[in-house]
Amino acid sequence: MTQSMTIELTTQKKQKPSAQQLGFGIHYTDHMFMLNYSEGQGWHSPRIVPYQPISLDPAAKVFHYGQTIFEGLKAYKTEDGRTLLFRPGKNFERMNRSNERLSVPELDVELALEGLKQLVKVDEDWIPTEPGTSLYIRPFVFATEPLLGVAPSKEYLFMIIMSPVGAYYSEGVKPVKIYVEDEYVRAVKGGVGEAKTAGNYAAGLKAQEGAASKGYTQVLWLDGVQRKYIEEVGSMNVFFKINGKVLTPALNGSILSGVTRDSMIHLLQSWGYEVEQRAISIEEIYEADKAGTLEEAFGTGTAAVISPIGELLWQEQKLVINGGETGELSAKLYDTLTGIQKGSLEDSFGWTVEV
Ligand SMILES: *Cc1c(COP(=O)(O)O)cnc(C)c1O
């Protein structure tokens, strides 16, 4: 690293929550990482400081024009006390692809990774060890220049905050009910669906609320032009097992390229499965069900790793998948990936990075 990082340790360590109190993104560790960008100077002043509120000018561009990107990854404690990150380089590479789309300057990946490792080290005692728990890491970047002209900001702040999170499935992996959304859309080709940017989430809340009011956990997004092809499920990528083959929508420009998606594809191929990445219509899924060949469906993402889909509702037609139970392949993928992440299974892909 060419720039030296300063570390200011807190004098008031917070009390850590118990495993039962964890939840998701409720509690934050004692420290955070900050890095500034100024035009002409580039990224500068990497520092670890006590976790605290930040002060911004009300005219900061992020509030008005939404130039902001986030990432999400996890750190785990192994049985023998080592700390592992899962494919962290992938997250910063993706952040740079998102940055590029939103005219945010390219992040120095080495500097960000070094900052992340140092921060995890400083707050290592915050990584929970109970089964299913982990330390969720949230890197994000936003425009801070106080100027209302519509143009890319000349100043940014990159930060990393961390939150100990509880077991996503407290009673074992459980399938969810999904509402197939055919009114609202998440993204269109040429838009920002490929970027992990806040606006995509704000735009999805309305549909999510609608699904929840009908008793569904999440929505299945269809393409923004024809409402015909499957894109994602909530904020997860989606997979289907049909007649022994595994299908997932191709990265077509409006779908987020998940690190978990990529990992699942590698695992499946290493087990000899044929994985087709292509356009999948919602009709195809319903027809496969009628033909008796739809075997499993699941979403993938960092938070849940795998979320099996037990039921779909599309235009009043209810479809129950695998009797509403977690499929064999979903369970095997979940056990294998979480095993690699926690260091209890051999990492033959070289995915984990020790801190
Ligand atoms: C973050 C995200 C995913 C999952 O990506 P992972 O890298 O696997 O966590 C999928 N879809 C959307 C829209 C996302 O924001």
# chains A, B, ... in the order shown; residues from 1 in each chain; ligands from 1

call {"tool": "residues_around", "arguments": {"residues": "Tyr201 in chain A", "least_positions_apart": "6", "cutoff": "12 Å", "atoms": "only C-alpha atoms", "output": "MDAnalysis selection string"}}
result
chainID A and resid 66 68:70 185:187 192:193 195 207:208 234:236

call {"tool": "residues_around", "arguments": {"residues": "Tyr136 in chain A", "least_positions_apart": "6", "cutoff": "12 Å", "atoms": "only C-alpha atoms", "output": "compact mmCIF listing (two decimals) with N, CA, C and O atoms, in the first residue's frame"}}
result
# COMPACT_ATOMS: atom_id res chain seq x y z
N LEU A 22 -28.90 -10.88 17.81
CA LEU A 22 -28.20 -10.38 16.63
C LEU A 22 -29.10 -9.81 15.52
O LEU A 22 -28.97 -8.66 15.16
N GLY A 23 -29.98 -10.63 14.96
CA GLY A 23 -30.79 -10.16 13.83
C GLY A 23 -29.90 -9.81 12.64
O GLY A 23 -28.77 -10.32 12.53
N PHE A 24 -30.37 -8.93 11.75
CA PHE A 24 -29.58 -8.54 10.58
C PHE A 24 -29.41 -7.02 10.52
O PHE A 24 -30.39 -6.28 10.43
N GLY A 25 -28.16 -6.57 10.57
CA GLY A 25 -27.88 -5.14 10.41
C GLY A 25 -28.47 -4.25 11.49
O GLY A 25 -28.93 -3.14 11.21
N ILE A 26 -28.46 -4.74 12.72
CA ILE A 26 -29.00 -3.97 13.85
C ILE A 26 -27.87 -3.39 14.69
O ILE A 26 -27.89 -2.23 15.08
N HIS A 27 -26.87 -4.22 14.93
CA HIS A 27 -25.74 -3.82 15.78
C HIS A 27 -24.50 -3.58 14.91
O HIS A 27 -24.29 -4.27 13.92
N TYR A 28 -23.69 -2.60 15.31
CA TYR A 28 -22.47 -2.30 14.55
C TYR A 28 -21.24 -2.41 15.43
O TYR A 28 -21.32 -2.18 16.65
N THR A 29 -20.11 -2.74 14.82
CA THR A 29 -18.89 -2.98 15.58
C THR A 29 -18.32 -1.65 16.10
O THR A 29 -18.89 -0.58 15.87
N GLU A 71 -21.84 -2.63 -1.30
CA GLU A 71 -21.45 -4.03 -1.46
C GLU A 71 -21.83 -4.78 -0.19
O GLU A 71 -22.15 -4.16 0.82
N GLY A 72 -21.79 -6.09 -0.24
CA GLY A 72 -22.09 -6.89 0.93
C GLY A 72 -21.29 -8.18 0.89
O GLY A 72 -21.29 -8.86 -0.14
N LEU A 73 -20.58 -8.47 1.97
CA LEU A 73 -19.83 -9.74 2.07
C LEU A 73 -19.74 -10.11 3.54
O LEU A 73 -20.22 -9.36 4.39
N LYS A 74 -19.16 -11.29 3.81
CA LYS A 74 -19.15 -11.75 5.20
C LYS A 74 -17.77 -12.25 5.64
O LYS A 74 -16.99 -12.74 4.81
N ALA A 75 -17.52 -12.14 6.94
CA ALA A 75 -16.34 -12.76 7.55
C ALA A 75 -16.82 -13.83 8.52
O ALA A 75 -17.88 -13.67 9.15
N TYR A 76 -16.08 -14.91 8.60
CA TYR A 76 -16.46 -16.05 9.45
C TYR A 76 -15.28 -16.45 10.33
O TYR A 76 -14.12 -16.29 9.95
N LEU A 85 -12.47 -14.40 5.03
CA LEU A 85 -13.34 -13.60 4.18
C LEU A 85 -13.66 -14.46 2.96
O LEU A 85 -12.83 -15.27 2.54
N PHE A 86 -14.86 -14.28 2.38
CA PHE A 86 -15.25 -15.07 1.22
C PHE A 86 -15.16 -14.22 -0.05
O PHE A 86 -15.94 -13.27 -0.21
N LEU A 116 -10.15 -3.12 4.50
CA LEU A 116 -11.11 -4.12 4.98
C LEU A 116 -10.43 -5.10 5.94
O LEU A 116 -10.94 -5.38 7.03
N VAL A 120 -11.29 -5.59 9.89
CA VAL A 120 -11.75 -6.87 10.43
C VAL A 120 -10.83 -7.30 11.58
O VAL A 120 -11.28 -7.80 12.60
N TRP A 126 -15.64 -9.16 17.33
CA TRP A 126 -17.07 -8.98 17.03
C TRP A 126 -17.62 -10.09 16.15
O TRP A 126 -18.82 -10.14 15.88
N ILE A 127 -16.75 -10.96 15.64
CA ILE A 127 -17.24 -12.02 14.75
C ILE A 127 -17.91 -13.09 15.61
O ILE A 127 -17.26 -13.73 16.42
N PRO A 128 -19.22 -13.28 15.46
CA PRO A 128 -19.90 -14.27 16.31
C PRO A 128 -19.51 -15.68 15.87
O PRO A 128 -19.13 -15.91 14.72
N ILE A 160 -16.48 1.54 5.15
CA ILE A 160 -16.85 0.15 5.45
C ILE A 160 -17.36 0.11 6.89
O ILE A 160 -16.67 0.58 7.81
N ILE A 161 -18.57 -0.42 7.06
CA ILE A 161 -19.10 -0.66 8.40
C ILE A 161 -19.38 -2.16 8.51
O ILE A 161 -19.49 -2.86 7.49
N MET A 162 -19.47 -2.66 9.73
CA MET A 162 -19.62 -4.11 9.92
C MET A 162 -20.65 -4.39 11.01
O MET A 162 -20.72 -3.67 12.00
N SER A 163 -21.40 -5.46 10.79
CA SER A 163 -22.51 -5.80 11.70
C SER A 163 -22.52 -7.31 11.96
O SER A 163 -22.61 -8.10 11.02
N PRO A 164 -22.43 -7.73 13.24
CA PRO A 164 -22.57 -9.17 13.52
C PRO A 164 -24.01 -9.57 13.25
O PRO A 164 -24.93 -8.89 13.70
N VAL A 165 -24.20 -10.64 12.46
CA VAL A 165 -25.57 -11.03 12.10
C VAL A 165 -25.88 -12.44 12.57
O VAL A 165 -25.01 -13.31 12.64
N GLY A 166 -27.15 -12.66 12.86
CA GLY A 166 -27.59 -13.94 13.39
C GLY A 166 -27.80 -14.97 12.30
O GLY A 166 -27.70 -14.68 11.11
N ALA A 167 -28.14 -16.16 12.69
CA ALA A 167 -28.42 -17.24 11.76
C ALA A 167 -29.65 -16.84 10.94
O ALA A 167 -30.67 -16.47 11.49
N TYR A 168 -29.52 -16.87 9.62
CA TYR A 168 -30.63 -16.50 8.74
C TYR A 168 -31.78 -17.50 8.93
O TYR A 168 -32.94 -17.14 8.91
N THR A 302 -25.55 -13.27 -0.62
CA THR A 302 -24.66 -13.32 0.53
C THR A 302 -25.41 -13.48 1.85
O THR A 302 -24.99 -14.27 2.70
N ALA A 303 -26.52 -12.77 2.02
CA ALA A 303 -27.19 -12.77 3.32
C ALA A 303 -27.72 -14.16 3.70
O ALA A 303 -27.42 -14.67 4.77
N ALA A 304 -28.49 -14.79 2.80
CA ALA A 304 -29.12 -16.08 3.11
C ALA A 304 -28.31 -17.25 2.57
O ALA A 304 -28.54 -18.38 2.97

call {"tool": "residues_around", "arguments": {"residues": "range 8-19 of chain A", "least_positions_apart": "4", "cutoff": "7 Å", "atoms": "only C-alpha atoms", "output": "list of chain:residue names"}}
result
A:Asp30, A:Ile48, A:Val49, A:Pro50, A:Glu130, A:Gly166

call {"tool": "select_by_dssp", "arguments": {"residues": "range 230-278 of chain A", "states": "strand (DSSP E)", "output": "number ranges by chain"}}
result
A: 230-233, 237-242, 245-249, 275-278

call {"tool": "write_last_selection", "arguments": {"atoms": "N, CA, C and O atoms", "output": "PDB file, in the first residue's frame"}}
result
ATOM      1  N   ILE A 230     -37.704 -14.254 -16.587  1.00  0.00           N
ATOM      2  CA  ILE A 230     -37.349 -14.168 -15.175  1.00  0.00           C
ATOM      3  C   ILE A 230     -36.008 -13.458 -14.997  1.00  0.00           C
ATOM      4  O   ILE A 230     -35.045 -13.747 -15.721  1.00  0.00           O
ATOM      5  N   GLU A 231     -35.949 -12.529 -14.028  1.00  0.00           N
ATOM      6  CA  GLU A 231     -34.702 -11.819 -13.782  1.00  0.00           C
ATOM      7  C   GLU A 231     -34.075 -12.216 -12.441  1.00  0.00           C
ATOM      8  O   GLU A 231     -33.033 -12.825 -12.404  1.00  0.00           O
ATOM      9  N   GLU A 232     -34.728 -11.827 -11.326  1.00  0.00           N
ATOM     10  CA  GLU A 232     -34.155 -12.118 -10.010  1.00  0.00           C
ATOM     11  C   GLU A 232     -35.283 -12.355  -9.017  1.00  0.00           C
ATOM     12  O   GLU A 232     -36.453 -12.094  -9.312  1.00  0.00           O
ATOM     13  N   VAL A 233     -34.934 -12.794  -7.833  1.00  0.00           N
ATOM     14  CA  VAL A 233     -35.946 -12.967  -6.791  1.00  0.00           C
ATOM     15  C   VAL A 233     -35.554 -12.063  -5.611  1.00  0.00           C
ATOM     16  O   VAL A 233     -34.536 -12.277  -4.967  1.00  0.00           O
ATOM     17  N   ASN A 237     -30.176 -13.699  -6.859  1.00  0.00           N
ATOM     18  CA  ASN A 237     -30.239 -14.346  -8.166  1.00  0.00           C
ATOM     19  C   ASN A 237     -31.082 -15.613  -8.005  1.00  0.00           C
ATOM     20  O   ASN A 237     -31.292 -16.087  -6.896  1.00  0.00           O
ATOM     21  N   VAL A 238     -31.554 -16.135  -9.125  1.00  0.00           N
ATOM     22  CA  VAL A 238     -32.496 -17.253  -9.022  1.00  0.00           C
ATOM     23  C   VAL A 238     -32.073 -18.434  -9.907  1.00  0.00           C
ATOM     24  O   VAL A 238     -31.513 -18.244 -10.991  1.00  0.00           O
ATOM     25  N   PHE A 239     -32.310 -19.628  -9.385  1.00  0.00           N
ATOM     26  CA  PHE A 239     -31.961 -20.878 -10.084  1.00  0.00           C
ATOM     27  C   PHE A 239     -33.171 -21.813 -10.090  1.00  0.00           C
ATOM     28  O   PHE A 239     -33.969 -21.809  -9.150  1.00  0.00           O
ATOM     29  N   PHE A 240     -33.258 -22.642 -11.130  1.00  0.00           N
ATOM     30  CA  PHE A 240     -34.288 -23.675 -11.220  1.00  0.00           C
ATOM     31  C   PHE A 240     -33.623 -24.992 -11.599  1.00  0.00           C
ATOM     32  O   PHE A 240     -32.696 -24.996 -12.423  1.00  0.00           O
ATOM     33  N   LYS A 241     -34.104 -26.078 -11.017  1.00  0.00           N
ATOM     34  CA  LYS A 241     -33.637 -27.407 -11.448  1.00  0.00           C
ATOM     35  C   LYS A 241     -34.801 -28.061 -12.171  1.00  0.00           C
ATOM     36  O   LYS A 241     -35.882 -28.260 -11.602  1.00  0.00           O
ATOM     37  N   ILE A 242     -34.576 -28.315 -13.457  1.00  0.00           N
ATOM     38  CA  ILE A 242     -35.615 -28.906 -14.304  1.00  0.00           C
ATOM     39  C   ILE A 242     -35.040 -30.144 -14.984  1.00  0.00           C
ATOM     40  O   ILE A 242     -34.044 -30.053 -15.701  1.00  0.00           O
ATOM     41  N   LYS A 245     -31.289 -30.784 -14.973  1.00  0.00           N
ATOM     42  CA  LYS A 245     -30.427 -29.666 -15.399  1.00  0.00           C
ATOM     43  C   LYS A 245     -30.677 -28.449 -14.530  1.00  0.00           C
ATOM     44  O   LYS A 245     -31.782 -28.261 -14.027  1.00  0.00           O
ATOM     45  N   VAL A 246     -29.675 -27.572 -14.399  1.00  0.00           N
ATOM     46  CA  VAL A 246     -29.869 -26.361 -13.605  1.00  0.00           C
ATOM     47  C   VAL A 246     -29.882 -25.152 -14.539  1.00  0.00           C
ATOM     48  O   VAL A 246     -29.031 -25.020 -15.419  1.00  0.00           O
ATOM     49  N   LEU A 247     -30.891 -24.299 -14.346  1.00  0.00           N
ATOM     50  CA  LEU A 247     -31.068 -23.117 -15.200  1.00  0.00           C
ATOM     51  C   LEU A 247     -30.984 -21.859 -14.355  1.00  0.00           C
ATOM     52  O   LEU A 247     -31.520 -21.821 -13.244  1.00  0.00           O
ATOM     53  N   THR A 248     -30.336 -20.830 -14.891  1.00  0.00           N
ATOM     54  CA  THR A 248     -30.365 -19.520 -14.233  1.00  0.00           C
ATOM     55  C   THR A 248     -30.354 -18.450 -15.323  1.00  0.00           C
ATOM     56  O   THR A 248     -29.725 -18.650 -16.379  1.00  0.00           O
ATOM     57  N   PRO A 249     -31.061 -17.332 -15.098  1.00  0.00           N
ATOM     58  CA  PRO A 249     -31.067 -16.293 -16.125  1.00  0.00           C
ATOM     59  C   PRO A 249     -29.645 -15.820 -16.463  1.00  0.00           C
ATOM     60  O   PRO A 249     -28.810 -15.686 -15.568  1.00  0.00           O
ATOM     61  N   VAL A 275     -25.202 -26.550 -16.345  1.00  0.00           N
ATOM     62  CA  VAL A 275     -25.829 -25.296 -15.915  1.00  0.00           C
ATOM     63  C   VAL A 275     -26.068 -24.434 -17.150  1.00  0.00           C
ATOM     64  O   VAL A 275     -25.121 -24.084 -17.848  1.00  0.00           O
ATOM     65  N   GLU A 276     -27.338 -24.142 -17.414  1.00  0.00           N
ATOM     66  CA  GLU A 276     -27.655 -23.293 -18.570  1.00  0.00           C
ATOM     67  C   GLU A 276     -27.915 -21.873 -18.096  1.00  0.00           C
ATOM     68  O   GLU A 276     -28.777 -21.637 -17.263  1.00  0.00           O
ATOM     69  N   GLN A 277     -27.156 -20.925 -18.638  1.00  0.00           N
ATOM     70  CA  GLN A 277     -27.382 -19.511 -18.357  1.00  0.00           C
ATOM     71  C   GLN A 277     -28.011 -18.922 -19.604  1.00  0.00           C
ATOM     72  O   GLN A 277     -27.333 -18.762 -20.619  1.00  0.00           O
ATOM     73  N   ARG A 278     -29.309 -18.642 -19.507  1.00  0.00           N
ATOM     74  CA  ARG A 278     -30.029 -18.184 -20.701  1.00  0.00           C
ATOM     75  C   ARG A 278     -31.316 -17.481 -20.283  1.00  0.00           C
ATOM     76  O   ARG A 278     -31.620 -17.384 -19.095  1.00  0.00           O
TER      77      ARG A 278
END

call {"tool": "residues_around", "arguments": {"residues": "Gly40 in chain A", "least_positions_apart": "2", "cutoff": "12 Å", "atoms": "only C-alpha atoms", "output": "PyMOL selection string"}}
result
chain A and resi 37-38+42-44+105+154-155

call {"tool": "closest_residue", "arguments": {"among": "A:Trp351, A:Ala112, A:Lys318, A:Thr338", "to": "Thr133 in chain A", "atoms": "only C-alpha atoms"}}
result
A:Thr338

call {"tool": "select_by_dssp", "arguments": {"residues": "range 119-256 of chain A", "states": "helix (DSSP H, G or I)", "output": "MDAnalysis selection string"}}
result
chainID A and resid 119:122 124:126 198:213

call {"tool": "atom_distance", "arguments": {"atom1": "CA of Tyr273 in chain A", "atom2": "CA of Ser307 in chain A"}}
result
19.7 Å

call {"tool": "atom_distance", "arguments": {"atom1": "CA of Arg97 in chain A", "atom2": "CA of Val109 in chain A"}}
result
11.8 Å

call {"tool": "atom_distance", "arguments": {"atom1": "CA of Leu220 in chain A", "atom2": "CA of Asp182 in chain A"}}
result
8.9 Å
